[in-house]
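Containing mmCIF, C-alpha atoms: coords-v3.cif.
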```cif
data_entry
#
loop_
_atom_site.label_atom_id
_atom_site.label_comp_id
_atom_site.auth_asym_id
_atom_site.auth_seq_id
_atom_site.Cartn_x
_atom_site.Cartn_y
_atom_site.Cartn_z
CA MET P 156 4.52 -8.60 -21.99
CA ILE P 157 6.19 -6.58 -19.26
CA ARG P 158 9.49 -8.01 -18.10
CA LEU P 159 9.33 -9.12 -14.49
CA PRO P 160 12.33 -7.15 -13.09
CA PHE P 161 10.80 -3.84 -14.17
CA VAL P 162 7.74 -4.48 -12.06
CA LEU P 163 9.92 -5.62 -9.17
CA PHE P 164 11.93 -2.38 -9.33
CA PHE P 165 8.72 -0.36 -9.18
CA SER P 166 7.59 -2.37 -6.19
CA ALA P 167 10.97 -1.90 -4.48
CA LEU P 168 10.60 1.86 -4.92
CA LEU P 169 7.13 1.85 -3.37
CA PHE P 170 8.35 -0.30 -0.49
CA SER P 171 11.35 1.91 0.29
CA ALA P 172 9.17 5.02 0.22
CA GLY P 173 6.93 3.27 2.74
CA VAL P 174 9.88 2.33 4.95
CA TYR P 175 11.06 5.93 4.98
CA GLY P 176 7.56 7.16 5.77
CA VAL P 177 7.13 4.80 8.71
CA LEU P 178 10.50 5.80 10.16
CA ALA P 179 10.35 9.54 9.55
CA ARG P 180 6.75 10.56 10.13
CA ARG P 181 5.42 11.37 13.56
CA ASN P 182 1.78 11.88 12.63
CA ALA P 183 0.01 8.53 13.12
CA VAL P 184 -2.21 8.94 10.05
CA MET P 185 0.86 9.52 7.89
CA VAL P 186 2.46 6.39 9.33
CA LEU P 187 -0.65 4.44 8.33
CA MET P 188 -0.40 5.89 4.80
CA ALA P 189 3.20 4.73 4.56
CA ILE P 190 2.13 1.25 5.67
CA GLU P 191 -0.41 1.28 2.85
CA LEU P 192 2.41 2.04 0.42
CA MET P 193 4.34 -0.99 1.65
CA LEU P 194 1.28 -3.25 1.39
CA ASN P 195 0.78 -2.02 -2.16
CA ALA P 196 4.36 -2.88 -3.02
CA VAL P 197 3.75 -6.42 -1.76
CA ASN P 198 0.56 -6.65 -3.84
CA VAL P 199 2.38 -5.53 -6.97
CA ASN P 200 4.94 -8.25 -6.36
CA LEU P 201 2.27 -10.90 -5.83
CA VAL P 202 0.40 -10.01 -9.00
CA ALA P 203 3.63 -9.73 -11.00
CA PHE P 204 4.90 -13.15 -9.93
CA GLY P 205 1.48 -14.70 -10.47
CA SER P 206 1.38 -13.19 -13.93
CA ASP P 207 4.90 -14.39 -14.66
CA ARG P 208 4.16 -17.97 -13.60
CA HIS P 209 0.69 -17.96 -15.19
CA ASP P 210 -0.91 -18.78 -11.86
CA VAL P 211 -4.03 -17.09 -10.54
CA GLY P 212 -2.91 -17.71 -6.93
CA GLY P 213 -0.88 -14.52 -6.85
CA GLN P 214 -4.01 -12.48 -7.50
CA MET P 215 -5.84 -14.38 -4.76
CA PHE P 216 -3.21 -13.43 -2.23
CA ALA P 217 -3.27 -9.84 -3.45
CA LEU P 218 -7.02 -9.75 -2.86
CA PHE P 219 -6.59 -11.12 0.65
CA VAL P 220 -3.89 -8.56 1.37
CA ILE P 221 -6.24 -5.80 0.19
CA ALA P 222 -8.93 -7.05 2.56
CA VAL P 223 -6.48 -7.20 5.47
CA ALA P 224 -5.29 -3.68 4.60
CA ALA P 225 -8.87 -2.41 4.72
CA ALA P 226 -9.39 -3.99 8.14
CA GLU P 227 -6.06 -2.60 9.34
CA VAL P 228 -6.90 0.95 8.26
CA GLY P 229 -10.31 0.76 9.92
CA ILE P 230 -8.87 -0.36 13.24
CA GLY P 231 -5.86 1.93 12.93
CA LEU P 232 -7.93 5.04 12.37
CA ALA P 233 -10.27 4.08 15.20
CA ILE P 234 -7.24 3.90 17.50
CA VAL P 235 -5.97 7.23 16.14
CA ILE P 236 -9.30 8.93 16.80
CA LEU P 237 -9.46 7.45 20.28
CA LEU P 238 -5.91 8.69 20.89
CA TYR P 239 -6.77 12.17 19.67
CA ARG P 240 -9.82 12.27 21.89
CA ASN P 241 -7.78 11.36 24.96
CA ARG P 242 -4.47 13.16 24.35
CA GLU P 243 -5.26 15.95 21.84
CA SER P 244 -2.31 14.76 19.78
CA ILE P 245 -1.61 11.90 17.40
CA ASN P 246 2.17 12.15 17.35
CA VAL P 247 3.51 8.66 17.73
CA ASP P 248 6.62 9.83 19.59
CA GLU P 249 4.54 11.39 22.37
CA VAL P 250 2.48 8.32 23.10
CA ASN P 251 4.16 6.44 25.91
CA LEU P 252 1.30 4.90 27.87
CA LEU P 253 2.50 1.37 27.21
CA LYS P 254 6.17 2.22 27.42
CA TRP P 255 8.00 0.32 30.09
CA MET M 671 21.38 -4.57 -23.69
CA ILE M 672 17.65 -4.20 -23.65
CA ALA M 673 15.81 -5.83 -26.52
CA THR M 674 12.68 -4.52 -28.17
CA VAL M 675 10.41 -2.61 -25.86
CA SER M 676 6.74 -3.33 -26.26
CA ALA M 677 3.91 -0.82 -26.04
CA GLN M 678 2.87 -2.28 -22.70
CA GLU M 679 6.33 -1.63 -21.34
CA TYR M 680 6.20 1.99 -22.41
CA ALA M 681 2.83 2.35 -20.70
CA PHE M 682 4.24 0.59 -17.64
CA VAL M 683 7.24 2.91 -17.46
CA VAL M 684 4.97 5.96 -17.58
CA LEU M 685 2.75 4.52 -14.84
CA ALA M 686 5.74 3.50 -12.75
CA VAL M 687 7.34 6.94 -12.96
CA VAL M 688 4.09 8.67 -12.04
CA GLY M 689 3.42 6.20 -9.23
CA GLY M 690 6.98 6.29 -7.90
CA VAL M 691 7.19 10.08 -7.87
CA SER M 692 3.86 10.41 -6.12
CA ALA M 693 4.80 7.66 -3.64
CA ILE M 694 7.88 9.67 -2.69
CA SER M 695 5.70 12.78 -2.49
CA VAL M 696 3.38 10.96 -0.07
CA VAL M 697 6.18 10.55 2.43
CA LEU M 698 7.74 13.97 1.82
CA ALA M 699 4.64 16.19 1.61
CA ARG M 700 4.32 18.94 4.20
CA ASN M 701 0.55 19.08 3.98
CA VAL M 702 -1.33 15.98 5.11
CA VAL M 703 -4.21 16.45 2.65
CA HIS M 704 -1.73 16.74 -0.21
CA ALA M 705 -0.13 13.50 0.99
CA ALA M 706 -3.53 11.79 0.85
CA LEU M 707 -4.09 13.08 -2.69
CA TYR M 708 -0.63 11.90 -3.78
CA LEU M 709 -1.58 8.54 -2.30
CA VAL M 710 -4.60 8.49 -4.64
CA VAL M 711 -2.29 9.00 -7.63
CA THR M 712 0.01 6.21 -6.46
CA LEU M 713 -2.88 3.81 -5.92
CA LEU M 714 -4.37 4.62 -9.33
CA SER M 715 -1.06 3.97 -11.06
CA VAL M 716 -0.71 0.68 -9.18
CA GLY M 717 -4.20 -0.18 -10.45
CA GLY M 718 -3.02 0.63 -13.96
CA VAL M 719 -0.04 -1.68 -13.49
CA TYR M 720 -2.45 -4.47 -12.49
CA LEU M 721 -4.40 -3.87 -15.69
CA LEU M 722 -1.21 -4.06 -17.75
CA LEU M 723 -0.32 -7.31 -15.98
CA GLY M 724 -3.69 -8.73 -17.03
CA ALA M 725 -5.15 -8.82 -13.54
CA GLU M 726 -8.44 -7.17 -14.36
CA PHE M 727 -10.41 -7.97 -11.22
CA VAL M 728 -7.60 -6.99 -8.83
CA ALA M 729 -7.23 -3.68 -10.67
CA TRP M 730 -10.88 -2.73 -10.18
CA VAL M 731 -10.83 -3.95 -6.60
CA GLN M 732 -7.75 -1.80 -6.06
CA ILE M 733 -9.54 1.27 -7.39
CA LEU M 734 -12.81 0.56 -5.55
CA ILE M 735 -11.37 -0.42 -2.18
CA TYR M 736 -8.24 1.72 -2.00
CA VAL M 737 -9.19 4.88 -3.83
CA GLY M 738 -12.86 4.65 -2.98
CA ALA M 739 -12.79 3.51 0.62
CA ILE M 740 -9.38 3.62 2.26
CA VAL M 741 -8.38 7.09 1.06
CA ILE M 742 -11.77 8.42 2.15
CA LEU M 743 -11.13 6.86 5.56
CA PHE M 744 -7.75 8.60 5.66
CA LEU M 745 -9.32 11.93 4.77
CA PHE M 746 -11.90 11.48 7.52
CA GLY M 747 -9.09 10.59 9.93
CA LEU M 748 -7.25 13.78 8.95
CA MET M 749 -10.37 15.90 9.31
CA LEU M 750 -11.21 14.49 12.72
CA THR M 751 -7.73 14.94 14.15
CA LYS M 752 -6.80 18.46 12.99
CA ALA M 753 -3.41 17.42 11.65
CA PRO M 754 -0.75 20.15 11.66
CA ILE M 755 1.05 21.44 8.57
CA GLY M 756 4.81 21.70 8.29
CA ARG M 757 7.73 19.35 8.11
CA ASP M 758 8.92 19.74 11.68
CA LEU M 759 5.44 19.05 13.00
CA LEU M 760 4.86 16.05 10.75
CA ASP M 761 8.27 14.40 10.83
CA ASN M 762 10.28 13.30 13.83
CA GLN M 763 13.95 13.80 14.54
CA ASN M 764 14.97 10.48 12.98
CA ARG M 765 14.34 11.74 9.47
CA TRP M 766 17.95 11.25 8.39
CA ILE M 767 18.12 7.75 9.77
CA GLY M 768 14.84 7.02 8.01
CA GLY M 769 16.24 8.35 4.76
CA VAL M 770 19.39 6.27 5.06
CA VAL M 771 17.43 3.11 5.92
CA GLY M 772 14.87 3.69 3.16
CA PHE M 773 17.57 4.32 0.56
CA GLY M 774 19.53 1.32 1.82
CA VAL M 775 16.45 -0.90 1.52
CA PHE M 776 15.92 0.34 -2.03
CA LEU M 777 19.53 -0.28 -3.05
CA GLY M 778 19.51 -3.71 -1.42
CA LEU M 779 16.30 -4.71 -3.17
CA VAL M 780 17.55 -3.44 -6.52
CA PHE M 781 20.78 -5.38 -6.07
CA LEU M 782 18.93 -8.57 -5.14
CA ILE M 783 16.45 -8.26 -8.04
CA GLN M 784 19.25 -7.57 -10.50
CA ASP M 785 21.15 -10.54 -9.07
CA ALA M 786 18.19 -12.91 -9.35
CA TYR M 787 16.61 -11.71 -12.62
CA LYS M 788 19.17 -10.13 -14.90
CA VAL M 789 17.38 -7.20 -16.50
CA GLN M 790 19.50 -7.33 -19.63
CA ASP M 791 18.60 -10.93 -20.48
CA SER M 792 15.11 -11.14 -19.05
CA VAL M 793 12.46 -12.02 -21.60
CA ALA M 794 8.92 -10.74 -21.77
CA ARG M 795 6.37 -13.53 -21.53
CA THR M 796 2.89 -13.46 -22.93
CA THR M 797 0.44 -11.56 -20.77
CA PHE M 798 -1.49 -13.80 -18.42
CA ARG M 799 -5.02 -12.53 -18.88
CA THR M 800 -7.47 -13.43 -16.17
CA THR M 801 -11.12 -12.56 -16.28
CA THR M 802 -13.28 -12.01 -13.23
CA GLY M 803 -14.69 -15.47 -13.89
CA ASP M 804 -11.27 -17.13 -13.54
CA VAL M 805 -10.68 -15.28 -10.28
CA GLY M 806 -14.10 -16.27 -8.95
CA ILE M 807 -13.64 -19.93 -9.85
CA SER M 808 -10.23 -20.01 -8.18
CA LEU M 809 -11.51 -18.13 -5.14
CA PHE M 810 -14.45 -20.42 -4.46
CA ARG M 811 -12.77 -23.65 -5.49
CA ASP M 812 -9.28 -23.44 -4.00
CA TYR M 813 -9.42 -20.59 -1.50
CA VAL M 814 -12.77 -21.05 0.24
CA LEU M 815 -11.34 -21.46 3.73
CA PRO M 816 -9.14 -18.32 3.58
CA PHE M 817 -12.15 -16.49 2.15
CA GLU M 818 -14.29 -17.46 5.15
CA ALA M 819 -11.49 -16.57 7.55
CA MET M 820 -11.26 -13.20 5.82
CA SER M 821 -14.97 -12.53 6.30
CA PHE M 822 -14.53 -13.34 9.98
CA LEU M 823 -11.56 -10.96 10.19
CA LEU M 824 -13.57 -8.18 8.56
CA LEU M 825 -16.41 -8.75 11.02
CA ALA M 826 -13.98 -8.58 13.93
CA ALA M 827 -12.41 -5.41 12.52
CA LEU M 828 -15.85 -3.83 12.08
CA ILE M 829 -16.89 -4.56 15.66
CA GLY M 830 -13.47 -3.55 16.96
CA ALA M 831 -13.51 -0.21 15.14
CA VAL M 832 -17.04 0.56 16.35
CA VAL M 833 -16.17 -0.31 19.95
CA LEU M 834 -12.92 1.70 19.87
CA ALA M 835 -14.19 4.87 18.23
CA ARG M 836 -17.58 5.02 19.99
CA LYS M 837 -17.97 7.75 22.59
CA ASP M 838 -18.00 6.06 25.96
CA GLU M 839 -20.93 7.77 27.62
CA ALA M 840 -21.41 5.34 30.48
CA ALA M 841 -17.91 6.07 31.79
CA LYS M 842 -18.50 9.78 32.20
#
```
Rewrite the structure of this file - the entire thing - as C-alpha cells.
Amino acid sequence: MIRLPFVLFFSALLFSAGVYGVLARRNAVMVLMAIELMLNAVNVNLVAFGSDRHDVGGQMFALFVIAVAAAEVGIGLAIVILLYRNRESINVDEVNLLKW
Amino acid sequence: MIATVSAQEYAFVVLAVVGGVSAISVVLARNVVHAALYLVVTLLSVGGVYLLLGAEFVAWVQILIYVGAIVILFLFGLMLTKAPIGRDLLDNQNRWIGGVVGFGVFLGLVFLIQDAYKVQDSVARTTFRTTTGDVGISLFRDYVLPFEAMSFLLLAALIGAVVLARKDEAAK
C-alpha cells in the first residue's frame, strides 16, 4: 500500500548519510556505523522492490545482506581492537602501515 | 498531484522522518555513544518500514540481529577503544568534501528515482504479505546453496575475529 518511490527516497537518504559518514569520520568505529547505514539502505531497497513485484526473493537477499553485515562488523571491530592495541589510536587517517 | 494517502503511508512517513533524522544524527553526532543510540533509532524505524512492507520475518531479524547484536558489538568496540568526544577529534579535514559528495549522491538518487518512477502518477499496490513460512520455504527450496555459503562465511568470520582480537601471548 506504500508507493514505491517513497520508500526509495527514504533509502536514498539513508545511503547519502552513510556516504557522508564514511567520507567525513576519522574514527574507525564511526566509519563502520556509516557502512551499516548504507547496507540498511540497500536492504530497504531490496525489500521494497520485492514487495512491489510480489516476489519473496528480495527478502532473501536482504537476509543474506544482514548476515554479511554481521560478519563484516565482527571482523571490522576485531581489526579496530587490534589496531587500538598496537597504535593507541583508531583514527583511519593515521593508519599508514600499508600505504605505499 | 498525489492521490489518496493511505494509513500505511502516513505511518511510513512518520517512520521515514524519524529514521532519516536519526540517520543524519548518526553521522553528525559529536559523542560516539550518542551516535550508536541514534543508530538504534534508525535501525528500529527501518524494521518498522519492513513491517509496513509486509516483510514480517525480515523485520524481526532486523531488530534481533541489528539492534540486538550489531549495536551491542559497536558499543563494546567503543568501550574498548576509548573513543574521543568532539567534532574535530571524530571528523577529518575532508568534512566539506564529504558533505558535498553526500548531498550530491542524494540529489542524484532523488533525480533518478523521480525520473524512473514518477511520484505523482505512481500507484500503491496491494501489500505483499509474507509469513515466516513463505520465507522459510523459499529459503530452503530456492536459496539452499547461498544459505550454505553464508554459513561458511559466518564460520570464517567467527574464526577470523577470534584470531585477530585474541591477545598474542606466544609472541611476547
At a cut-off of 6 Å, list the chain P residues touching chain M, using only C-alpha atoms, as a short mmCIF file (atom, residue, chain, number, x, y, z; two decimals) with C-alpha atoms, keeping the file's coordinate frame.
```
data_model
loop_
_atom_site.label_atom_id
_atom_site.label_comp_id
_atom_site.auth_asym_id
_atom_site.auth_seq_id
_atom_site.Cartn_x
_atom_site.Cartn_y
_atom_site.Cartn_z
CA MET P 156 4.52 -8.60 -21.99
CA ILE P 157 6.19 -6.58 -19.26
CA ARG P 158 9.49 -8.01 -18.10
CA ALA P 167 10.97 -1.90 -4.48
CA SER P 171 11.35 1.91 0.29
CA ALA P 172 9.17 5.02 0.22
CA VAL P 174 9.88 2.33 4.95
CA TYR P 175 11.06 5.93 4.98
CA GLY P 176 7.56 7.16 5.77
CA LEU P 178 10.50 5.80 10.16
CA ALA P 179 10.35 9.54 9.55
CA ARG P 180 6.75 10.56 10.13
CA ARG P 181 5.42 11.37 13.56
CA ASN P 182 1.78 11.88 12.63
CA SER P 206 1.38 -13.19 -13.93
CA HIS P 209 0.69 -17.96 -15.19
CA ALA P 226 -9.39 -3.99 8.14
CA ILE P 230 -8.87 -0.36 13.24
CA ALA P 233 -10.27 4.08 15.20
CA LEU P 237 -9.46 7.45 20.28
#
```
Check: For the atom pair CA of Leu169 (chain P) and CA of Asn200 (chain P), what is the interatomic distance in Å to one decimal place?
Finding: 10.8 Å
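Computed from the coordinates, the CA of Leu252 (chain P) to CA of Val184 (chain P) distance equals 18.6 Å.
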Check: Please, which residues are within 12 Å of (2.7, -6.4, -0.9) by the file's coordinates, counting only C-alpha atoms, and could they come as a VMD selection string?
Finding: (chain P and resid 163 165 to 167 169 to 170 173 190 to 204 213 to 214 216 to 221 223 to 224) or (chain M and resid 716)
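Atom to atom, CA of Ala183 (chain P) and CA of Val247 (chain P) stand 5.8 Å apart.
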Restore N, CA and C atoms in region 692-709 of chain M and list the result as a PDB file, keeping the file's coordinate frame.
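Full text of rebuild_22.pdb as output:
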```
ATOM      1  N   SER M 692       4.880  10.016  -7.097  1.00  0.00           N
ATOM      2  CA  SER M 692       3.860  10.410  -6.120  1.00  0.00           C
ATOM      3  C   SER M 692       4.001   9.618  -4.831  1.00  0.00           C
ATOM      4  N   ALA M 693       4.558   8.389  -4.890  1.00  0.00           N
ATOM      5  CA  ALA M 693       4.800   7.660  -3.640  1.00  0.00           C
ATOM      6  C   ALA M 693       5.821   8.386  -2.792  1.00  0.00           C
ATOM      7  N   ILE M 694       6.878   8.913  -3.456  1.00  0.00           N
ATOM      8  CA  ILE M 694       7.880   9.670  -2.690  1.00  0.00           C
ATOM      9  C   ILE M 694       7.257  10.961  -2.166  1.00  0.00           C
ATOM     10  N   SER M 695       6.357  11.559  -2.973  1.00  0.00           N
ATOM     11  CA  SER M 695       5.700  12.780  -2.490  1.00  0.00           C
ATOM     12  C   SER M 695       4.817  12.501  -1.288  1.00  0.00           C
ATOM     13  N   VAL M 696       4.227  11.292  -1.220  1.00  0.00           N
ATOM     14  CA  VAL M 696       3.380  10.960  -0.070  1.00  0.00           C
ATOM     15  C   VAL M 696       4.189  11.082   1.217  1.00  0.00           C
ATOM     16  N   VAL M 697       5.420  10.558   1.193  1.00  0.00           N
ATOM     17  CA  VAL M 697       6.180  10.550   2.430  1.00  0.00           C
ATOM     18  C   VAL M 697       6.958  11.836   2.648  1.00  0.00           C
ATOM     19  N   LEU M 698       7.011  12.712   1.638  1.00  0.00           N
ATOM     20  CA  LEU M 698       7.740  13.970   1.820  1.00  0.00           C
ATOM     21  C   LEU M 698       6.826  15.179   1.956  1.00  0.00           C
ATOM     22  N   ALA M 699       5.528  15.030   1.655  1.00  0.00           N
ATOM     23  CA  ALA M 699       4.640  16.190   1.610  1.00  0.00           C
ATOM     24  C   ALA M 699       4.548  16.850   2.982  1.00  0.00           C
ATOM     25  N   ARG M 700       4.439  18.192   2.946  1.00  0.00           N
ATOM     26  CA  ARG M 700       4.320  18.940   4.200  1.00  0.00           C
ATOM     27  C   ARG M 700       2.876  19.092   4.620  1.00  0.00           C
ATOM     28  N   ASN M 701       1.965  18.906   3.681  1.00  0.00           N
ATOM     29  CA  ASN M 701       0.550  19.080   3.980  1.00  0.00           C
ATOM     30  C   ASN M 701      -0.102  17.695   3.947  1.00  0.00           C
ATOM     31  N   VAL M 702      -0.814  17.341   5.005  1.00  0.00           N
ATOM     32  CA  VAL M 702      -1.330  15.980   5.110  1.00  0.00           C
ATOM     33  C   VAL M 702      -2.376  15.687   4.048  1.00  0.00           C
ATOM     34  N   VAL M 703      -3.193  16.700   3.675  1.00  0.00           N
ATOM     35  CA  VAL M 703      -4.210  16.450   2.650  1.00  0.00           C
ATOM     36  C   VAL M 703      -3.543  16.223   1.303  1.00  0.00           C
ATOM     37  N   HIS M 704      -2.462  16.977   1.034  1.00  0.00           N
ATOM     38  CA  HIS M 704      -1.730  16.740  -0.210  1.00  0.00           C
ATOM     39  C   HIS M 704      -1.166  15.331  -0.217  1.00  0.00           C
ATOM     40  N   ALA M 705      -0.668  14.865   0.930  1.00  0.00           N
ATOM     41  CA  ALA M 705      -0.130  13.500   0.990  1.00  0.00           C
ATOM     42  C   ALA M 705      -1.219  12.494   0.645  1.00  0.00           C
ATOM     43  N   ALA M 706      -2.440  12.718   1.156  1.00  0.00           N
ATOM     44  CA  ALA M 706      -3.530  11.790   0.850  1.00  0.00           C
ATOM     45  C   ALA M 706      -3.853  11.813  -0.641  1.00  0.00           C
ATOM     46  N   LEU M 707      -3.782  13.003  -1.256  1.00  0.00           N
ATOM     47  CA  LEU M 707      -4.090  13.080  -2.690  1.00  0.00           C
ATOM     48  C   LEU M 707      -2.983  12.448  -3.527  1.00  0.00           C
ATOM     49  N   TYR M 708      -1.712  12.621  -3.090  1.00  0.00           N
ATOM     50  CA  TYR M 708      -0.630  11.900  -3.780  1.00  0.00           C
ATOM     51  C   TYR M 708      -0.814  10.400  -3.649  1.00  0.00           C
ATOM     52  N   LEU M 709      -1.328   9.972  -2.487  1.00  0.00           N
ATOM     53  CA  LEU M 709      -1.580   8.540  -2.300  1.00  0.00           C
ATOM     54  C   LEU M 709      -2.603   8.044  -3.314  1.00  0.00           C
TER      55      LEU M 709
END
```
